[in-house]
$ cat data-v2.tsv   # TSV, C-alpha atoms
chain	number	residue	atom	x	y	z
L	6	MET	CA	3.16	9.16	-19.89
L	7	LYS	CA	3.38	10.32	-16.28
L	8	LYS	CA	6.60	10.09	-14.29
L	9	VAL	CA	7.86	6.78	-12.92
L	10	LEU	CA	9.08	5.97	-9.42
L	11	ILE	CA	12.22	3.91	-8.70
L	12	VAL	CA	12.40	2.63	-5.13
L	13	GLY	CA	15.47	1.03	-3.51
L	14	GLU	CA	18.99	0.67	-4.93
L	15	SER	CA	20.64	2.21	-1.86
L	16	TRP	CA	22.33	1.16	1.36
L	17	THR	CA	24.26	2.56	4.28
L	18	VAL	CA	27.88	1.55	4.91
L	19	GLN	CA	29.61	1.63	8.29
L	20	GLU	CA	33.27	0.67	8.31
L	21	THR	CA	36.36	0.83	10.48
L	22	HIS	CA	39.70	1.90	9.04
L	23	VAL	CA	42.67	0.52	10.98
L	24	LYS	CA	45.84	2.61	10.55
L	25	GLY	CA	48.43	1.02	12.76
L	26	PHE	CA	47.69	2.01	16.37
L	27	ASP	CA	44.64	4.09	15.43
L	28	THR	CA	41.18	3.26	14.13
L	29	VAL	CA	38.64	5.55	12.49
L	30	ASP	CA	34.94	4.73	12.13
L	31	LEU	CA	33.38	6.00	8.90
L	32	GLY	CA	29.85	5.92	7.55
L	33	ARG	CA	28.34	6.78	4.20
L	34	LEU	CA	25.21	6.43	2.11
L	35	GLU	CA	25.55	4.55	-1.19
L	36	GLN	CA	22.86	5.41	-3.73
L	37	THR	CA	24.69	5.68	-7.03
L	38	SER	CA	23.73	2.19	-8.22
L	39	VAL	CA	20.43	3.64	-9.44
L	40	ASP	CA	22.29	5.82	-11.95
L	41	PRO	CA	22.42	3.37	-14.91
L	42	LEU	CA	18.66	2.74	-14.76
L	43	ARG	CA	17.73	6.33	-14.05
L	44	ASN	CA	19.99	7.60	-16.85
L	45	ALA	CA	18.60	5.08	-19.35
L	46	LEU	CA	15.05	6.24	-18.59
L	47	THR	CA	15.77	9.97	-18.63
L	48	ASN	CA	17.72	9.61	-21.88
L	49	ALA	CA	14.57	8.03	-23.34
L	50	GLY	CA	12.51	11.04	-22.28
L	51	ILE	CA	10.93	9.41	-19.22
L	52	GLU	CA	10.61	11.54	-16.09
L	53	VAL	CA	12.00	9.71	-13.06
L	54	GLU	CA	11.52	10.19	-9.33
L	55	TYR	CA	13.92	8.26	-7.11
L	56	MET	CA	13.21	7.14	-3.54
L	57	PRO	CA	16.16	5.47	-1.74
L	58	SER	CA	15.44	2.76	0.81
L	59	HIS	CA	15.87	4.87	3.95
L	60	ILE	CA	13.33	7.38	2.63
L	61	ALA	CA	10.92	4.69	1.40
L	62	GLN	CA	10.68	3.26	4.91
L	63	TYR	CA	8.92	6.45	5.99
L	64	SER	CA	7.55	7.92	2.78
L	65	PHE	CA	6.55	5.21	0.30
L	66	PRO	CA	3.00	6.09	-0.87
L	67	ASP	CA	0.32	4.27	1.10
L	68	THR	CA	-2.78	5.19	-0.89
L	69	VAL	CA	-3.91	4.40	-4.41
L	70	GLU	CA	-4.38	8.11	-5.07
L	71	ALA	CA	-0.76	8.86	-4.18
L	72	LEU	CA	0.50	5.94	-6.27
L	73	GLN	CA	-1.50	7.13	-9.27
L	74	GLU	CA	0.90	10.05	-9.67
L	75	TYR	CA	3.11	7.51	-11.44
L	76	SER	CA	2.68	5.56	-14.66
L	77	ALA	CA	4.86	2.78	-13.26
L	78	ILE	CA	6.74	1.88	-10.08
L	79	ALA	CA	9.96	-0.12	-9.81
L	80	LEU	CA	11.02	-2.00	-6.69
L	81	SER	CA	14.72	-2.72	-7.01
L	82	ASP	CA	16.76	-4.51	-4.34
L	83	ILE	CA	14.55	-3.37	-1.46
L	84	GLY	CA	13.07	-5.90	0.95
L	85	SER	CA	9.39	-6.18	1.78
L	86	ASN	CA	10.01	-5.24	5.43
L	87	THR	CA	11.28	-1.79	4.47
L	88	ILE	CA	8.06	-1.02	2.63
L	89	MET	CA	5.61	-2.75	4.93
L	90	MET	CA	7.07	-1.85	8.35
L	91	ASP	CA	6.37	1.86	8.65
L	92	PRO	CA	8.48	3.03	11.64
L	93	VAL	CA	5.56	5.08	13.00
L	94	MET	CA	3.45	1.93	13.12
L	95	GLN	CA	6.27	-0.24	14.43
L	96	PHE	CA	7.61	1.98	17.20
L	97	GLN	CA	4.60	4.10	18.14
L	98	GLY	CA	1.85	1.46	17.94
L	99	VAL	CA	-0.16	3.45	15.40
L	100	ARG	CA	-2.24	1.73	12.71
L	101	LYS	CA	-1.07	2.58	9.19
L	102	PRO	CA	-2.31	1.56	5.73
L	103	ASN	CA	-0.81	-1.59	4.22
L	104	ARG	CA	1.29	-0.22	1.36
L	105	PHE	CA	1.23	-3.55	-0.49
L	106	LEU	CA	-2.57	-3.62	-0.52
L	107	ALA	CA	-2.46	-0.12	-1.98
L	108	LEU	CA	0.00	-1.33	-4.64
L	109	VAL	CA	-2.29	-4.23	-5.56
L	110	GLU	CA	-5.24	-1.90	-5.99
L	111	TYR	CA	-3.08	0.57	-7.93
L	112	VAL	CA	-2.21	-2.13	-10.46
L	113	LYS	CA	-5.82	-3.35	-10.62
L	114	GLN	CA	-6.87	0.17	-11.56
L	115	GLY	CA	-4.30	0.47	-14.35
L	116	GLY	CA	-0.89	1.07	-12.78
L	117	GLY	CA	2.37	-0.64	-13.68
L	118	LEU	CA	4.76	-2.47	-11.34
L	119	VAL	CA	8.17	-4.02	-12.02
L	120	MET	CA	10.44	-5.87	-9.63
L	121	MET	CA	14.14	-5.89	-10.49
L	122	GLY	CA	16.34	-8.64	-9.08
L	123	GLY	CA	18.91	-8.42	-6.32
L	124	TYR	CA	19.85	-9.66	-2.87
L	125	LEU	CA	16.68	-8.07	-1.45
L	126	SER	CA	14.24	-8.83	-4.29
L	127	PHE	CA	11.75	-11.70	-4.70
L	128	ALA	CA	12.87	-14.13	-1.92
L	129	GLY	CA	16.39	-12.75	-1.70
L	130	ILE	CA	19.34	-13.69	0.46
L	131	GLU	CA	18.21	-15.94	3.34
L	132	ASN	CA	14.62	-15.17	2.24
L	133	LYS	CA	14.97	-11.72	3.80
L	134	ALA	CA	13.11	-10.02	0.96
L	135	ARG	CA	10.23	-12.53	1.48
L	136	TYR	CA	7.89	-11.15	-1.19
L	137	ALA	CA	6.15	-14.52	-1.53
L	138	MET	CA	4.62	-13.78	1.88
L	139	THR	CA	3.14	-10.45	0.78
L	140	PRO	CA	0.12	-9.39	-1.30
L	141	LEU	CA	2.49	-8.73	-4.23
L	142	ALA	CA	2.76	-12.50	-4.73
L	143	GLU	CA	-0.70	-12.32	-6.31
L	144	ILE	CA	0.09	-9.65	-8.87
L	145	LEU	CA	3.71	-10.28	-9.90
L	146	PRO	CA	4.05	-12.45	-13.02
L	147	VAL	CA	6.27	-15.06	-11.33
L	148	LYS	CA	6.16	-17.69	-8.62
L	149	MET	CA	8.66	-16.94	-5.86
L	150	LEU	CA	10.46	-19.19	-3.41
L	151	HIS	CA	10.14	-19.24	0.38
L	152	TYR	CA	13.88	-19.69	0.85
L	153	ASP	CA	17.13	-18.15	-0.38
L	154	ASP	CA	16.65	-17.85	-4.16
L	155	ARG	CA	20.09	-16.58	-5.23
L	156	MET	CA	21.66	-18.31	-8.20
L	157	GLU	CA	25.29	-17.18	-8.06
L	158	HIS	CA	27.31	-17.47	-11.28
L	159	PRO	CA	30.77	-15.92	-10.81
L	160	GLU	CA	31.73	-17.50	-14.15
L	161	GLY	CA	29.03	-15.47	-15.90
L	162	ILE	CA	25.75	-16.61	-17.41
L	163	CYS	CA	23.73	-15.24	-20.34
L	164	PRO	CA	19.94	-15.12	-20.68
L	165	VAL	CA	18.19	-16.51	-23.76
L	166	MET	CA	15.20	-14.80	-25.35
L	167	VAL	CA	12.19	-17.09	-25.85
L	168	LYS	CA	9.66	-14.50	-27.07
L	169	GLU	CA	11.61	-12.13	-29.26
L	170	ASP	CA	8.52	-10.33	-30.57
L	171	HIS	CA	7.53	-8.94	-27.17
L	172	PRO	CA	7.44	-5.12	-27.17
L	173	VAL	CA	10.07	-4.80	-24.41
L	174	LEU	CA	12.59	-6.21	-26.90
L	175	ASN	CA	11.89	-3.57	-29.55
L	176	GLY	CA	15.22	-2.46	-30.99
L	177	VAL	CA	17.21	-5.01	-28.94
L	178	THR	CA	19.27	-7.29	-31.17
L	179	GLY	CA	21.94	-9.94	-30.78
L	180	GLU	CA	23.01	-11.95	-27.77
L	181	TRP	CA	22.72	-10.49	-24.31
L	182	PRO	CA	25.81	-9.84	-22.15
L	183	TRP	CA	26.54	-12.08	-19.21
L	184	PHE	CA	25.31	-11.69	-15.64
L	185	LEU	CA	26.91	-12.79	-12.38
L	186	GLY	CA	23.73	-14.18	-10.87
L	187	TYR	CA	19.97	-13.87	-10.57
L	188	ASN	CA	16.94	-14.66	-8.41
L	189	LYS	CA	15.38	-18.05	-9.13
L	190	ILE	CA	11.80	-17.35	-10.24
L	191	LYS	CA	9.31	-19.08	-12.55
L	192	ALA	CA	6.71	-17.46	-14.79
L	193	LYS	CA	3.09	-18.08	-13.85
L	194	GLU	CA	0.86	-19.93	-16.31
L	195	ASN	CA	-1.08	-16.76	-17.11
L	196	ALA	CA	2.09	-14.70	-17.63
L	197	VAL	CA	4.22	-14.26	-20.75
L	198	GLU	CA	7.75	-15.58	-20.35
L	199	ILE	CA	10.07	-13.41	-22.44
L	200	ALA	CA	13.47	-14.82	-21.52
L	201	GLN	CA	15.05	-17.70	-19.61
L	202	ILE	CA	18.36	-18.19	-17.84
L	203	GLY	CA	20.15	-21.15	-16.33
L	204	ASN	CA	18.13	-24.37	-16.14
L	205	GLU	CA	14.94	-22.92	-17.66
L	206	ASP	CA	14.54	-20.36	-14.88
L	207	THR	CA	12.61	-17.24	-15.83
L	208	PHE	CA	14.70	-14.16	-16.61
L	209	MET	CA	11.92	-11.81	-17.77
L	210	ALA	CA	8.15	-12.20	-17.54
L	211	ALA	CA	5.16	-9.93	-18.06
L	212	MET	CA	1.52	-10.14	-17.03
L	213	GLU	CA	-1.75	-8.28	-17.25
L	214	TYR	CA	-3.50	-7.83	-13.90
L	215	GLY	CA	-6.86	-6.13	-13.79
L	216	GLU	CA	-6.47	-2.93	-15.81
L	217	GLY	CA	-2.73	-2.79	-15.12
L	218	ARG	CA	0.48	-4.63	-15.88
L	219	THR	CA	3.37	-6.19	-13.95
L	220	PHE	CA	6.87	-7.25	-14.92
L	221	ALA	CA	9.72	-9.27	-13.41
L	222	PHE	CA	13.43	-8.93	-14.23
L	223	ALA	CA	15.38	-11.66	-12.44
L	224	SER	CA	18.80	-10.00	-12.20
L	225	ASP	CA	20.28	-6.66	-11.19
L	226	CYS	CA	19.70	-3.52	-13.23
L	227	ALA	CA	23.05	-2.41	-11.78
L	228	MET	CA	26.20	-4.07	-10.41
L	229	HIS	CA	27.03	-6.56	-8.99
L	230	TRP	CA	24.91	-9.20	-10.74
L	231	GLY	CA	24.58	-6.78	-13.59
L	232	SER	CA	28.02	-6.94	-15.22
L	233	LYS	CA	29.95	-3.96	-16.56
L	234	GLU	CA	29.32	-5.40	-20.03
L	235	PHE	CA	25.58	-5.36	-19.42
L	236	LEU	CA	25.56	-1.78	-18.18
L	237	ALA	CA	27.67	-0.64	-21.15
L	238	TRP	CA	25.65	-2.64	-23.69
L	239	ASP	CA	23.65	-0.66	-26.28
L	240	GLY	CA	20.61	-2.81	-25.54
L	241	TYR	CA	20.48	-1.61	-21.93
L	242	GLY	CA	19.34	1.82	-23.06
L	243	ARG	CA	16.57	0.20	-25.08
L	244	VAL	CA	15.20	-2.64	-22.96
L	245	MET	CA	14.99	-0.70	-19.69
L	246	PRO	CA	12.90	2.18	-21.10
L	247	ASN	CA	10.83	-0.38	-23.03
L	248	ILE	CA	9.90	-2.14	-19.78
L	249	PHE	CA	8.48	1.08	-18.35
L	250	LYS	CA	6.79	2.05	-21.61
L	251	TRP	CA	5.14	-1.36	-21.73
L	252	LEU	CA	3.96	-1.01	-18.12
L	253	ALA	CA	2.53	2.42	-18.97
L	254	LYS	CA	0.85	0.98	-22.12
L	255	GLU	CA	2.93	3.25	-24.34
L	256	ILE	CA	4.04	0.26	-26.44

$ encode --input "data-v2.tsv" --output "structure tokens"
Amino acid sequence: MKKVLIVGESWTVQETHVKGFDTVDLGRLEQTSVDPLRNALTNAGIEVEYMPSHIAQYSFPDTVEALQEYSAIALSDIGSNTIMMDPVMQFQGVRKPNRFLALVEYVKQGGGLVMMGGYLSFAGIENKARYAMTPLAEILPVKMLHYDDRMEHPEGICPVMVKEDHPVLNGVTGEWPWFLGYNKIKAKENAVEIAQIGNEDTFMAAMEYGEGRTFAFASDCAMHWGSKEFLAWDGYGRVMPNIFKWLAKEI
């Protein structure tokens, strides 16, 4: 198995601290939310390369050949604009390859692609992720909405497995921990629905596309939708590596 690429799971914070008469403006880069997923994969012997959002905007691979360095690619909480709108193209008027078309061809030729849920996944908050309007709508195993798809559950909600013999569930037993929300998606007819959540919404789905495979995970692989219980759960360290092994045709 070649290395895998995780893209997203980062953001920049700018904040003002008010201390009586005085104010101080502070800024920082948050990119530690990738740690649970990255650690689960490396602990399973999978080599991981991580590309935060601000780097992906400039450097996400735009050719099939470059993408083929990886057995599988994960897009996690990163909107379609960040990947599609190369700043060189946008601000210098230079034609650039469509990275999503390269991703489609990469999967057709045997690559693996997973989208993890979040505020900037699938449709996302206020439809800002807008993946239903991109070429990835053809190859992902789920139908996506054209409007805000967040299903917020501050009370907690647990997914239910509907295909317990799927390889991504190898070694995963018992009930799943609760989540605080998810993206509302629905498995395509030619996909395999592995788990549901809420009112028969799809929680996990898998699909063969050309020579490759794609996968959808409707909630966060990290906080906040991913609860502390989920991240500490023994099954986390099994199901996450299994997703990538399945995409790479290792299981």

$ residues_around --input "data-v2.tsv" --residues "segment 107-121 of chain L" --least-positions-apart "3" --cutoff "8 Å" --atoms "all atoms listed in the file" --output "PyMOL selection string"
chain L and resi 67-69+72-73+75-82+102-104+126-127+140-141+144-145+214-226+249+252-253

$ atom_distance --input "data-v2.tsv" --atom1 "atom CA of Trp238 of chain L" --atom2 "atom CA of Thr47 of chain L"
16.8 Å

$ closest_residue --input "data-v2.tsv" --among "L:Val23, L:Leu174, L:Met90, L:Leu125" --to "Trp251 of chain L" --atoms "all atoms listed in the file"
L:Leu174

$ closest_residue --input "data-v2.tsv" --among "L:Phe26, L:Tyr136, L:Phe65, L:Tyr124" --to "Glu157 of chain L" --atoms "only C-alpha atoms"
L:Tyr124

$ closest_residue --input "data-v2.tsv" --among "L:Lys8, L:Val165, L:Lys233, L:Ala128" --to "Ile202 of chain L" --atoms "all atoms listed in the file"
L:Val165

$ atom_distance --input "data-v2.tsv" --atom1 "atom CA of Pro57 of chain L" --atom2 "atom CA of Gly240 of chain L"
25.6 Å

$ closest_residue --input "data-v2.tsv" --among "L:Met156, L:Val177, L:Val167, L:Leu106" --to "Thr139 of chain L" --atoms "all atoms listed in the file"
L:Leu106

$ closest_residue --input "data-v2.tsv" --among "L:Met138, L:Gly25, L:Gly231, L:Ile11" --to "Leu46 of chain L" --atoms "only C-alpha atoms"
L:Ile11

$ residues_near_point --input "data-v2.tsv" --point "(24.4, 2.9, -2.8)" --cutoff "10 Å" --atoms "only C-alpha atoms" --output "list in words"
Gly13, Glu14, Ser15, Trp16, Thr17, Val18, Arg33, Leu34, Glu35, Gln36, Thr37, Ser38, Val39, Asp40, Pro57 and Ser58 of chain L

$ write_last_selection --input "data-v2.tsv" --atoms "C-alpha atoms" --output "mmCIF file, in the frame of the given file"
data_model
loop_
_atom_site.group_PDB
_atom_site.id
_atom_site.type_symbol
_atom_site.label_atom_id
_atom_site.label_comp_id
_atom_site.auth_asym_id
_atom_site.auth_seq_id
_atom_site.Cartn_x
_atom_site.Cartn_y
_atom_site.Cartn_z
ATOM 1 C CA GLY L 13 15.470 1.030 -3.510
ATOM 2 C CA GLU L 14 18.990 0.670 -4.930
ATOM 3 C CA SER L 15 20.640 2.210 -1.860
ATOM 4 C CA TRP L 16 22.330 1.160 1.360
ATOM 5 C CA THR L 17 24.260 2.560 4.280
ATOM 6 C CA VAL L 18 27.880 1.550 4.910
ATOM 7 C CA ARG L 33 28.340 6.780 4.200
ATOM 8 C CA LEU L 34 25.210 6.430 2.110
ATOM 9 C CA GLU L 35 25.550 4.550 -1.190
ATOM 10 C CA GLN L 36 22.860 5.410 -3.730
ATOM 11 C CA THR L 37 24.690 5.680 -7.030
ATOM 12 C CA SER L 38 23.730 2.190 -8.220
ATOM 13 C CA VAL L 39 20.430 3.640 -9.440
ATOM 14 C CA ASP L 40 22.290 5.820 -11.950
ATOM 15 C CA PRO L 57 16.160 5.470 -1.740
ATOM 16 C CA SER L 58 15.440 2.760 0.810
#

$ atom_distance --input "data-v2.tsv" --atom1 "atom CA of Glu198 of chain L" --atom2 "atom CA of Asn48 of chain L"
27.1 Å

$ residues_around --input "data-v2.tsv" --residues "Gly129 of chain L" --least-positions-apart "5" --cutoff "9 Å" --atoms "only C-alpha atoms" --output "PyMOL selection string"
chain L and resi 82+84+122-124+134-136+150+152-155+188

$ write_last_selection --input "data-v2.tsv" --atoms "C-alpha atoms" --output "PDB file, keeping the file's coordinate frame"
ATOM      1  CA  ASP L  82      16.760  -4.510  -4.340  1.00  0.00           C
ATOM      2  CA  GLY L  84      13.070  -5.900   0.950  1.00  0.00           C
ATOM      3  CA  GLY L 122      16.340  -8.640  -9.080  1.00  0.00           C
ATOM      4  CA  GLY L 123      18.910  -8.420  -6.320  1.00  0.00           C
ATOM      5  CA  TYR L 124      19.850  -9.660  -2.870  1.00  0.00           C
ATOM      6  CA  ALA L 134      13.110 -10.020   0.960  1.00  0.00           C
ATOM      7  CA  ARG L 135      10.230 -12.530   1.480  1.00  0.00           C
ATOM      8  CA  TYR L 136       7.890 -11.150  -1.190  1.00  0.00           C
ATOM      9  CA  LEU L 150      10.460 -19.190  -3.410  1.00  0.00           C
ATOM     10  CA  TYR L 152      13.880 -19.690   0.850  1.00  0.00           C
ATOM     11  CA  ASP L 153      17.130 -18.150  -0.380  1.00  0.00           C
ATOM     12  CA  ASP L 154      16.650 -17.850  -4.160  1.00  0.00           C
ATOM     13  CA  ARG L 155      20.090 -16.580  -5.230  1.00  0.00           C
ATOM     14  CA  ASN L 188      16.940 -14.660  -8.410  1.00  0.00           C
TER      15      ASN L 188
END

$ residues_around --input "data-v2.tsv" --residues "Glu160 of chain L" --least-positions-apart "5" --cutoff "12 Å" --atoms "all atoms listed in the file" --output "mmCIF file with C-alpha atoms, keeping the file's coordinate frame"
data_model
loop_
_atom_site.group_PDB
_atom_site.id
_atom_site.type_symbol
_atom_site.label_atom_id
_atom_site.label_comp_id
_atom_site.auth_asym_id
_atom_site.auth_seq_id
_atom_site.Cartn_x
_atom_site.Cartn_y
_atom_site.Cartn_z
ATOM 1 C CA TRP L 183 26.540 -12.080 -19.210
ATOM 2 C CA PHE L 184 25.310 -11.690 -15.640
ATOM 3 C CA LEU L 185 26.910 -12.790 -12.380
ATOM 4 C CA GLY L 186 23.730 -14.180 -10.870
ATOM 5 C CA TRP L 230 24.910 -9.200 -10.740
ATOM 6 C CA SER L 232 28.020 -6.940 -15.220
#

$ axis_aligned_box --input "data-v2.tsv" --around "segment 24-36 of chain L" --padding-each-side "4 Å" --output "lines of an AutoDock Vina configuration file"
center_x = 35.6
center_y = 3.9
center_z = 6.3
size_x = 33.6
size_y = 13.8
size_z = 28.1

$ closest_residue --input "data-v2.tsv" --among "L:Ala211, L:Ile162, L:Ala227, L:Val9" --to "Glu52 of chain L" --atoms "all atoms listed in the file"
L:Val9
